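Data file: upload-v3.txt. Format and content: compact mmCIF, C-alpha atoms (C1' of nucleotides).
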```txt
# COMPACT_ATOMS: atom_id res chain seq x y z
CA MET A 1346 21.66 -41.77 -36.32
CA PRO A 1347 23.43 -39.78 -38.99
CA ARG A 1348 22.06 -37.42 -41.49
CA SER A 1349 19.66 -37.60 -44.34
CA HIS A 1350 16.14 -37.22 -43.19
CA ARG A 1351 17.51 -35.47 -40.13
CA ARG A 1352 18.74 -31.93 -40.16
CA VAL A 1353 22.44 -31.26 -39.90
CA LEU A 1354 23.53 -30.95 -36.30
CA THR A 1355 24.51 -27.30 -36.00
CA HIS A 1356 26.00 -25.85 -32.87
CA PRO A 1357 26.29 -22.10 -32.39
CA ASP A 1358 29.75 -20.65 -32.10
CA LEU A 1359 30.99 -19.24 -28.80
CA VAL A 1360 30.61 -15.61 -29.78
CA GLU A 1361 27.09 -16.21 -31.00
CA LEU A 1362 25.79 -17.30 -27.61
CA ASP A 1363 23.19 -14.94 -26.23
CA LEU A 1364 22.44 -14.62 -22.55
CA LEU A 1365 18.72 -14.10 -23.02
CA ASP A 1366 18.53 -17.24 -25.15
CA LEU A 1367 20.35 -19.09 -22.40
CA LEU A 1368 17.97 -17.85 -19.73
CA HIS A 1369 15.01 -18.85 -21.85
CA ALA A 1370 16.51 -22.27 -22.48
CA LEU A 1371 16.96 -22.82 -18.76
CA ALA A 1372 13.52 -21.55 -17.77
CA ASP A 1373 11.85 -24.91 -18.26
CA PRO A 1374 11.72 -27.82 -15.81
CA THR A 1375 12.29 -30.54 -18.39
CA ARG A 1376 15.29 -28.79 -19.87
CA MET A 1377 16.64 -28.08 -16.42
CA THR A 1378 16.43 -31.79 -15.64
CA ILE A 1379 18.39 -32.53 -18.79
CA VAL A 1380 21.09 -30.05 -17.80
CA ARG A 1381 21.28 -31.32 -14.23
CA THR A 1382 21.61 -34.88 -15.48
CA LEU A 1383 24.40 -33.94 -17.83
CA ARG A 1384 26.20 -32.17 -15.06
CA SER A 1385 26.77 -35.40 -13.17
CA ASP A 1386 27.03 -37.80 -16.09
CA VAL A 1387 29.52 -36.67 -18.68
CA GLU A 1388 27.79 -37.99 -21.76
CA ARG A 1389 24.48 -39.69 -22.45
CA PRO A 1390 22.26 -40.94 -25.23
CA CYS A 1391 18.98 -39.07 -25.69
CA GLY A 1392 16.78 -41.86 -24.46
CA THR A 1393 18.39 -42.16 -21.07
CA PHE A 1394 17.27 -38.96 -19.43
CA PRO A 1395 14.94 -39.14 -16.43
CA VAL A 1396 12.23 -37.01 -17.93
CA ASP A 1397 8.58 -37.79 -18.38
CA VAL A 1398 7.72 -36.53 -21.84
CA ALA A 1399 7.18 -38.11 -25.24
CA PRO A 1400 10.26 -38.79 -27.39
CA SER A 1401 9.29 -36.10 -29.88
CA THR A 1402 8.95 -33.60 -27.08
CA LEU A 1403 12.37 -34.53 -25.83
CA THR A 1404 13.79 -33.91 -29.29
CA HIS A 1405 12.28 -30.44 -29.17
CA HIS A 1406 13.93 -29.65 -25.83
CA PHE A 1407 17.28 -30.90 -27.07
CA ARG A 1408 17.03 -28.55 -30.02
CA VAL A 1409 16.29 -25.58 -27.79
CA LEU A 1410 19.28 -26.40 -25.58
CA ARG A 1411 21.53 -27.04 -28.56
CA GLU A 1412 20.59 -23.80 -30.30
CA ALA A 1413 21.17 -21.87 -27.11
CA GLY A 1414 24.64 -23.39 -26.89
CA VAL A 1415 23.97 -25.35 -23.72
CA ILE A 1416 24.61 -28.82 -25.08
CA ARG A 1417 26.58 -30.47 -27.84
CA GLN A 1418 25.40 -33.58 -29.63
CA ARG A 1419 27.20 -36.13 -31.75
CA ASP A 1420 26.02 -39.26 -33.51
CA GLU A 1421 27.52 -42.66 -32.99
CA GLY A 1422 25.85 -45.61 -34.61
CA ASN A 1423 22.26 -45.60 -33.65
CA ARG A 1424 22.65 -43.19 -30.80
CA ARG A 1425 22.96 -39.48 -30.32
CA TRP A 1426 25.23 -38.59 -27.44
CA THR A 1427 24.75 -35.37 -25.55
CA THR A 1428 27.20 -33.37 -23.45
CA LEU A 1429 27.11 -30.09 -21.60
CA ARG A 1430 29.14 -27.30 -23.23
CA LEU A 1431 30.51 -26.41 -19.83
CA ASP A 1432 33.82 -24.94 -20.98
CA ASP A 1433 32.19 -22.84 -23.66
CA LEU A 1434 29.51 -21.59 -21.29
CA ASN A 1435 32.06 -20.70 -18.67
CA ALA A 1436 34.16 -18.91 -21.24
CA ARG A 1437 31.24 -16.87 -22.50
CA PHE A 1438 29.23 -16.50 -19.28
CA PRO A 1439 31.73 -17.02 -16.46
CA GLY A 1440 30.26 -18.74 -13.44
CA LEU A 1441 26.70 -18.22 -14.57
CA LEU A 1442 25.64 -21.79 -15.26
CA ASP A 1443 27.04 -23.00 -11.96
CA SER A 1444 25.27 -20.20 -10.17
CA VAL A 1445 21.96 -21.10 -11.78
CA LEU A 1446 22.35 -24.83 -11.21
CA GLU A 1447 23.37 -24.46 -7.59
CA THR A 1448 20.46 -22.16 -6.95
CA TYR A 1449 18.15 -24.67 -8.56
CA GLU A 1450 19.50 -27.54 -6.51
CA ARG A 1451 18.92 -25.52 -3.40
CA GLN A 1452 15.37 -24.75 -4.42
CA LEU A 1453 14.65 -28.41 -5.14
CA ALA A 1454 16.11 -29.39 -1.79
CA GLU A 1455 13.87 -26.91 0.02
CA ALA A 1456 10.66 -28.09 -1.54
CA MET B 1330 -2.76 5.64 -8.37
CA PRO B 1331 -4.37 3.59 -5.68
CA ARG B 1332 -6.79 0.83 -6.03
CA SER B 1333 -10.25 0.43 -7.38
CA HIS B 1334 -10.31 -0.30 -11.06
CA ARG B 1335 -6.76 -1.50 -10.68
CA ARG B 1336 -5.87 -4.81 -9.24
CA VAL B 1337 -4.42 -4.97 -5.79
CA LEU B 1338 -0.63 -4.79 -5.88
CA THR B 1339 0.40 -8.23 -4.74
CA HIS B 1340 4.01 -9.20 -4.23
CA PRO B 1341 5.01 -12.83 -3.79
CA ASP B 1342 6.57 -13.81 -0.51
CA LEU B 1343 10.22 -14.75 -0.29
CA VAL B 1344 9.62 -18.47 -0.03
CA GLU B 1345 7.29 -18.41 -3.00
CA LEU B 1346 9.93 -17.19 -5.41
CA ASP B 1347 10.69 -19.71 -8.11
CA LEU B 1348 13.96 -19.81 -10.00
CA LEU B 1349 12.40 -20.80 -13.30
CA ASP B 1350 9.96 -17.91 -13.06
CA LEU B 1351 12.89 -15.63 -12.39
CA LEU B 1352 14.81 -16.90 -15.40
CA HIS B 1353 11.76 -16.47 -17.58
CA ALA B 1354 11.21 -12.95 -16.27
CA LEU B 1355 14.79 -12.02 -17.10
CA ALA B 1356 14.78 -13.61 -20.55
CA ASP B 1357 13.38 -10.53 -22.27
CA PRO B 1358 15.29 -7.46 -23.44
CA THR B 1359 12.70 -4.93 -22.30
CA ARG B 1360 12.48 -6.41 -18.83
CA MET B 1361 16.24 -6.66 -18.63
CA THR B 1362 16.43 -2.95 -19.42
CA ILE B 1363 14.02 -2.26 -16.60
CA VAL B 1364 16.09 -4.28 -14.16
CA ARG B 1365 19.35 -2.70 -15.27
CA THR B 1366 17.86 0.74 -14.86
CA LEU B 1367 16.62 -0.05 -11.38
CA ARG B 1368 20.03 -1.34 -10.44
CA SER B 1369 21.58 2.09 -10.80
CA ASP B 1370 18.61 4.23 -9.79
CA VAL B 1371 17.12 3.21 -6.51
CA GLU B 1372 13.51 4.02 -7.24
CA ARG B 1373 11.60 5.24 -10.28
CA PRO B 1374 8.11 5.95 -11.53
CA CYS B 1375 6.87 3.68 -14.32
CA GLY B 1376 6.95 6.29 -17.02
CA THR B 1377 10.64 7.09 -16.66
CA PHE B 1378 12.23 3.93 -17.99
CA PRO B 1379 14.30 4.09 -21.17
CA VAL B 1380 12.29 1.52 -23.05
CA ASP B 1381 10.61 1.81 -26.40
CA VAL B 1382 7.26 0.13 -25.97
CA ALA B 1383 3.69 1.32 -25.52
CA PRO B 1384 2.57 2.17 -21.98
CA SER B 1385 0.26 -0.82 -21.84
CA THR B 1386 3.09 -3.09 -22.86
CA LEU B 1387 5.22 -1.63 -20.13
CA THR B 1388 2.51 -2.38 -17.61
CA HIS B 1389 2.57 -5.99 -18.76
CA HIS B 1390 6.32 -6.27 -18.23
CA PHE B 1391 6.07 -4.75 -14.78
CA ARG B 1392 3.51 -7.34 -13.85
CA VAL B 1393 5.74 -10.17 -15.02
CA LEU B 1394 8.65 -8.81 -13.01
CA ARG B 1395 6.50 -8.17 -9.97
CA GLU B 1396 4.95 -11.64 -9.99
CA ALA B 1397 8.39 -13.20 -10.33
CA GLY B 1398 9.49 -11.23 -7.27
CA VAL B 1399 12.03 -9.12 -9.11
CA ILE B 1400 10.51 -5.73 -8.35
CA ARG B 1401 8.35 -4.12 -5.74
CA GLN B 1402 5.90 -1.32 -6.51
CA ARG B 1403 4.17 1.20 -4.33
CA ASP B 1404 1.74 3.97 -5.10
CA GLU B 1405 2.26 7.57 -4.17
CA GLY B 1406 -0.17 10.10 -5.47
CA ASN B 1407 -0.36 9.82 -9.16
CA ARG B 1408 2.72 7.71 -9.53
CA ARG B 1409 3.73 4.10 -9.09
CA TRP B 1410 7.28 3.78 -7.84
CA THR B 1411 9.30 0.72 -8.62
CA THR B 1412 12.31 -0.78 -6.85
CA LEU B 1413 14.42 -3.87 -7.24
CA ARG B 1414 13.88 -6.52 -4.57
CA LEU B 1415 17.62 -6.93 -4.32
CA ASP B 1416 17.76 -8.07 -0.71
CA ASP B 1417 15.00 -10.59 -1.18
CA LEU B 1418 16.52 -11.95 -4.37
CA ASN B 1419 19.91 -12.28 -2.74
CA ALA B 1420 18.36 -14.02 0.22
CA ARG B 1421 16.51 -16.50 -1.92
CA PHE B 1422 18.95 -16.83 -4.84
CA PRO B 1423 22.33 -15.75 -3.45
CA GLY B 1424 24.49 -13.97 -5.99
CA LEU B 1425 22.39 -15.02 -8.92
CA LEU B 1426 20.95 -11.68 -10.00
CA ASP B 1427 24.34 -10.02 -9.87
CA SER B 1428 25.81 -12.85 -11.88
CA VAL B 1429 23.14 -12.50 -14.55
CA LEU B 1430 23.35 -8.73 -14.68
CA GLU B 1431 27.11 -8.64 -14.89
CA THR B 1432 27.07 -11.22 -17.63
CA TYR B 1433 24.51 -9.16 -19.50
CA GLU B 1434 26.51 -5.97 -19.14
CA ARG B 1435 29.51 -7.78 -20.55
CA GLN B 1436 27.51 -9.05 -23.47
CA LEU B 1437 26.17 -5.59 -24.23
CA ALA B 1438 29.66 -4.15 -24.04
CA GLU B 1439 30.95 -6.71 -26.53
CA ALA B 1440 28.31 -6.10 -29.14
C1' DT C 1193 17.51 -60.14 -44.51
C1' DC C 1194 14.33 -58.76 -41.38
C1' DC C 1195 12.94 -56.65 -37.27
C1' DG C 1196 13.30 -54.01 -33.22
C1' DA C 1197 15.47 -49.98 -31.08
C1' DC C 1198 16.67 -45.22 -31.46
C1' DG C 1199 15.78 -40.69 -32.45
C1' DT C 1200 13.96 -37.26 -35.65
C1' DA C 1201 10.56 -34.72 -38.87
C1' DC C 1202 6.21 -33.07 -39.44
C1' DG C 1203 1.83 -31.51 -38.42
C1' DA C 1204 -1.68 -30.55 -34.99
C1' DC C 1205 -3.45 -28.69 -30.78
C1' DG C 1206 -4.19 -25.58 -26.94
C1' DT C 1207 -1.97 -22.14 -24.31
C1' DA C 1208 1.06 -18.39 -23.22
C1' DC C 1209 3.56 -14.44 -24.72
C1' DG C 1210 4.68 -9.70 -26.46
C1' DT C 1211 2.53 -6.14 -28.64
C1' DC C 1212 -0.76 -2.52 -29.27
C1' DG C 1213 -5.05 0.70 -29.22
C1' DT C 1214 -8.68 2.26 -26.65
C1' DA C 1215 -11.19 3.17 -22.57
C1' DT C 1216 -10.94 4.29 -17.85
C1' DA C 1217 -9.83 5.72 -13.12
C1' DA C 1218 -7.37 8.62 -9.77
C1' DG C 1219 -4.40 12.34 -8.61
C1' DC C 1220 -2.61 16.97 -9.57
C1' DT C 1221 -3.04 21.72 -11.13
C1' DG C 1222 -5.15 25.61 -12.68
C1' DC D 1015 -14.73 21.92 -11.63
C1' DA D 1016 -12.11 21.04 -15.86
C1' DG D 1017 -8.28 19.28 -18.00
C1' DC D 1018 -3.91 17.09 -18.03
C1' DT D 1019 -0.94 13.38 -16.37
C1' DT D 1020 -0.02 8.79 -14.83
C1' DA D 1021 -0.74 4.19 -15.23
C1' DT D 1022 -3.83 0.33 -15.65
C1' DA D 1023 -7.63 -2.85 -17.56
C1' DC D 1024 -9.37 -5.04 -21.32
C1' DG D 1025 -9.62 -7.03 -25.64
C1' DA D 1026 -7.40 -8.16 -29.97
C1' DC D 1027 -3.77 -9.86 -32.86
C1' DG D 1028 0.01 -12.68 -34.55
C1' DT D 1029 3.60 -15.55 -33.03
C1' DA D 1030 6.07 -18.78 -30.21
C1' DC D 1031 5.95 -22.47 -27.00
C1' DG D 1032 5.27 -27.18 -24.96
C1' DT D 1033 2.99 -31.18 -25.94
C1' DC D 1034 1.79 -35.21 -28.50
C1' DG D 1035 0.86 -38.93 -32.25
C1' DT D 1036 2.32 -40.68 -36.39
C1' DA D 1037 5.48 -41.66 -40.01
C1' DC D 1038 10.05 -42.44 -41.24
C1' DG D 1039 15.12 -43.19 -41.68
C1' DT D 1040 19.18 -45.47 -39.74
C1' DC D 1041 21.66 -48.83 -37.20
C1' DG D 1042 22.53 -53.25 -35.04
C1' DG D 1043 21.47 -57.93 -33.82
C1' DA D 1044 19.06 -62.41 -34.59
```

As structure tokens:
Amino acid sequence: MPRSHRRVLTHPDLVELDLLDLLHALADPTRMTIVRTLRSDVERPCGTFPVDVAPSTLTHHFRVLREAGVIRQRDEGNRRWTTLRLDDLNARFPGLLDSVLETYERQLAEA
Amino acid sequence: MPRSHRRVLTHPDLVELDLLDLLHALADPTRMTIVRTLRSDVERPCGTFPVDVAPSTLTHHFRVLREAGVIRQRDEGNRRWTTLRLDDLNARFPGLLDSVLETYERQLAEA
DNA sequence: TCCGACGTACGACGTACGTCGTATAAGCTG
DNA sequence: CAGCTTATACGACGTACGTCGTACGTCGGA
């Protein structure tokens, strides 16, 4: 759902990405679920993520991830599609996201 | 400075370490400086870290790192010595800390 | 054209965080 | 013992965070 009462969808440039912002963005279970979901499913509308929070809360988490450079969002008709910025993240922080995600998967499998 | 008016120095067990806690612990510049310093210098007393915060603030950051399992502290006489729990972290989160630290070093070098 | 679906904006709420100053305790040194 | 050093405990402060309900704008289908 395109602009007007919604803010412009700004994505940080590659060189602007900050590691500490990334770590903070990933240090939340809901956001980690979003990232894990995106890792398997290329692109998704906001409402289709397996998280258990209110829609407005979800919007908040998407903003945190977007501003940290983790995801990219685009509008199409009534929907906002979200993708992982995998290439950008790997260019800026080589191997880091995979390392974090694999570690997290392992931790989830243990528990 | 051993116990009495100070809390007992508790360190979480290996299996208790949580990735999200770790990410949160690392998502702070002061704490990252502490970790980087410990990486080069095996063991250090609290007061010898190149950080620019009040002593009580430093104590707070040490607690966060300790409770996340990043550091270990022991008392000797008047001093509290701090080390990185490198082996434990690598056992629980293989390669992750190195990945984060190297990425951070690269980011610092760029800026 | 109207209505439901989608997702956001905004404001509120309680909690956690990073920061500090001050007080305090224990060890070291004279 | 007295005084300095080391580091913490405690309380305070402002800010940021995660959460939600409500209101609203846009799109698509009946």

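Note that the spacing between atom CA of His1405 of chain A and atom CA of Leu1431 of chain A amounts to 20.9 Å.
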
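Take atom C1' of DA1201 of chain C and atom CA of Pro1395 of chain A: the distance between them is 23.3 Å.
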
Tell me, in Å to one decimal, how far atom C1' of DT1040 of chain D is from atom C1' of DC1198 of chain C. 8.7 Å

Around the point (25.8, -24.3, -15.4), in the coordinates given by the file, pick out the residues reaching within 10 Å, counting only C-alpha atoms (C1' of nucleotides), and return them as a ChimeraX atom specification. /A:1371,1377,1380-1381,1384,1415,1429-1432,1434-1435,1438-1447

Serialized selection, C-alpha atoms, as a tab-separated table (two decimals), in the frame of the given file:
```tsv
chain	number	residue	atom	x	y	z
A	1371	LEU	CA	16.96	-22.82	-18.76
A	1377	MET	CA	16.64	-28.08	-16.42
A	1380	VAL	CA	21.09	-30.05	-17.80
A	1381	ARG	CA	21.28	-31.32	-14.23
A	1384	ARG	CA	26.20	-32.17	-15.06
A	1415	VAL	CA	23.97	-25.35	-23.72
A	1429	LEU	CA	27.11	-30.09	-21.60
A	1430	ARG	CA	29.14	-27.30	-23.23
A	1431	LEU	CA	30.51	-26.41	-19.83
A	1432	ASP	CA	33.82	-24.94	-20.98
A	1434	LEU	CA	29.51	-21.59	-21.29
A	1435	ASN	CA	32.06	-20.70	-18.67
A	1438	PHE	CA	29.23	-16.50	-19.28
A	1439	PRO	CA	31.73	-17.02	-16.46
A	1440	GLY	CA	30.26	-18.74	-13.44
A	1441	LEU	CA	26.70	-18.22	-14.57
A	1442	LEU	CA	25.64	-21.79	-15.26
A	1443	ASP	CA	27.04	-23.00	-11.96
A	1444	SER	CA	25.27	-20.20	-10.17
A	1445	VAL	CA	21.96	-21.10	-11.78
A	1446	LEU	CA	22.35	-24.83	-11.21
A	1447	GLU	CA	23.37	-24.46	-7.59
```

Counting all atoms listed in the file, collect the residues of chain D whose closest atom lies at most 9 Å from chain A, and write them out as a PyMOL selection string. chain D and resi 1032-1034+1038-1042

Please write as JSON, numbers by chain the list of polymer residues whose atoms come within 10 Å of (0.1, 10.0, -13.7), counting all atoms listed in the file and keeping to the coordinates of the file. {"B": [1330, 1374, 1375, 1376, 1406, 1407, 1408, 1409], "C": [1218, 1219, 1220], "D": [1018, 1019, 1020, 1021]}

Expected file: the selected residues, C-alpha atoms (C1' of nucleotides), as an mmCIF file, in the coordinates of the input:
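The new file part.cif reads:
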```cif
data_model
loop_
_atom_site.group_PDB
_atom_site.id
_atom_site.type_symbol
_atom_site.label_atom_id
_atom_site.label_comp_id
_atom_site.auth_asym_id
_atom_site.auth_seq_id
_atom_site.Cartn_x
_atom_site.Cartn_y
_atom_site.Cartn_z
ATOM 1 C CA MET B 1330 -2.760 5.640 -8.370
ATOM 2 C CA PRO B 1374 8.110 5.950 -11.530
ATOM 3 C CA CYS B 1375 6.870 3.680 -14.320
ATOM 4 C CA GLY B 1376 6.950 6.290 -17.020
ATOM 5 C CA GLY B 1406 -0.170 10.100 -5.470
ATOM 6 C CA ASN B 1407 -0.360 9.820 -9.160
ATOM 7 C CA ARG B 1408 2.720 7.710 -9.530
ATOM 8 C CA ARG B 1409 3.730 4.100 -9.090
ATOM 9 C "C1'" DA C 1218 -7.370 8.620 -9.770
ATOM 10 C "C1'" DG C 1219 -4.400 12.340 -8.610
ATOM 11 C "C1'" DC C 1220 -2.610 16.970 -9.570
ATOM 12 C "C1'" DC D 1018 -3.910 17.090 -18.030
ATOM 13 C "C1'" DT D 1019 -0.940 13.380 -16.370
ATOM 14 C "C1'" DT D 1020 -0.020 8.790 -14.830
ATOM 15 C "C1'" DA D 1021 -0.740 4.190 -15.230
#
```

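With all atoms listed in the file as the atoms that count, the minimum distance from chain C to the choices A:Asp1420, A:Arg1376, A:Ala1370, A:Leu1362 is reached by A:Asp1420.
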
Show me, as a PyMOL selection string, the residues of chain B whose atoms get within 6 Å of chain A, using all atoms listed in the file for the distance check. chain B and resi 1349+1352-1353+1356+1422+1432

May I ask you to extract the residues of chain C within 12 Å of chain B, using all atoms listed in the file, and to give them as a PyMOL selection string? chain C and resi 1209-1214+1216-1220

What's the 12 Å shell around DG1203 of chain C, counting all atoms listed in the file, without same-chain residues fewer than 3 positions away, as a count of residues only? 4
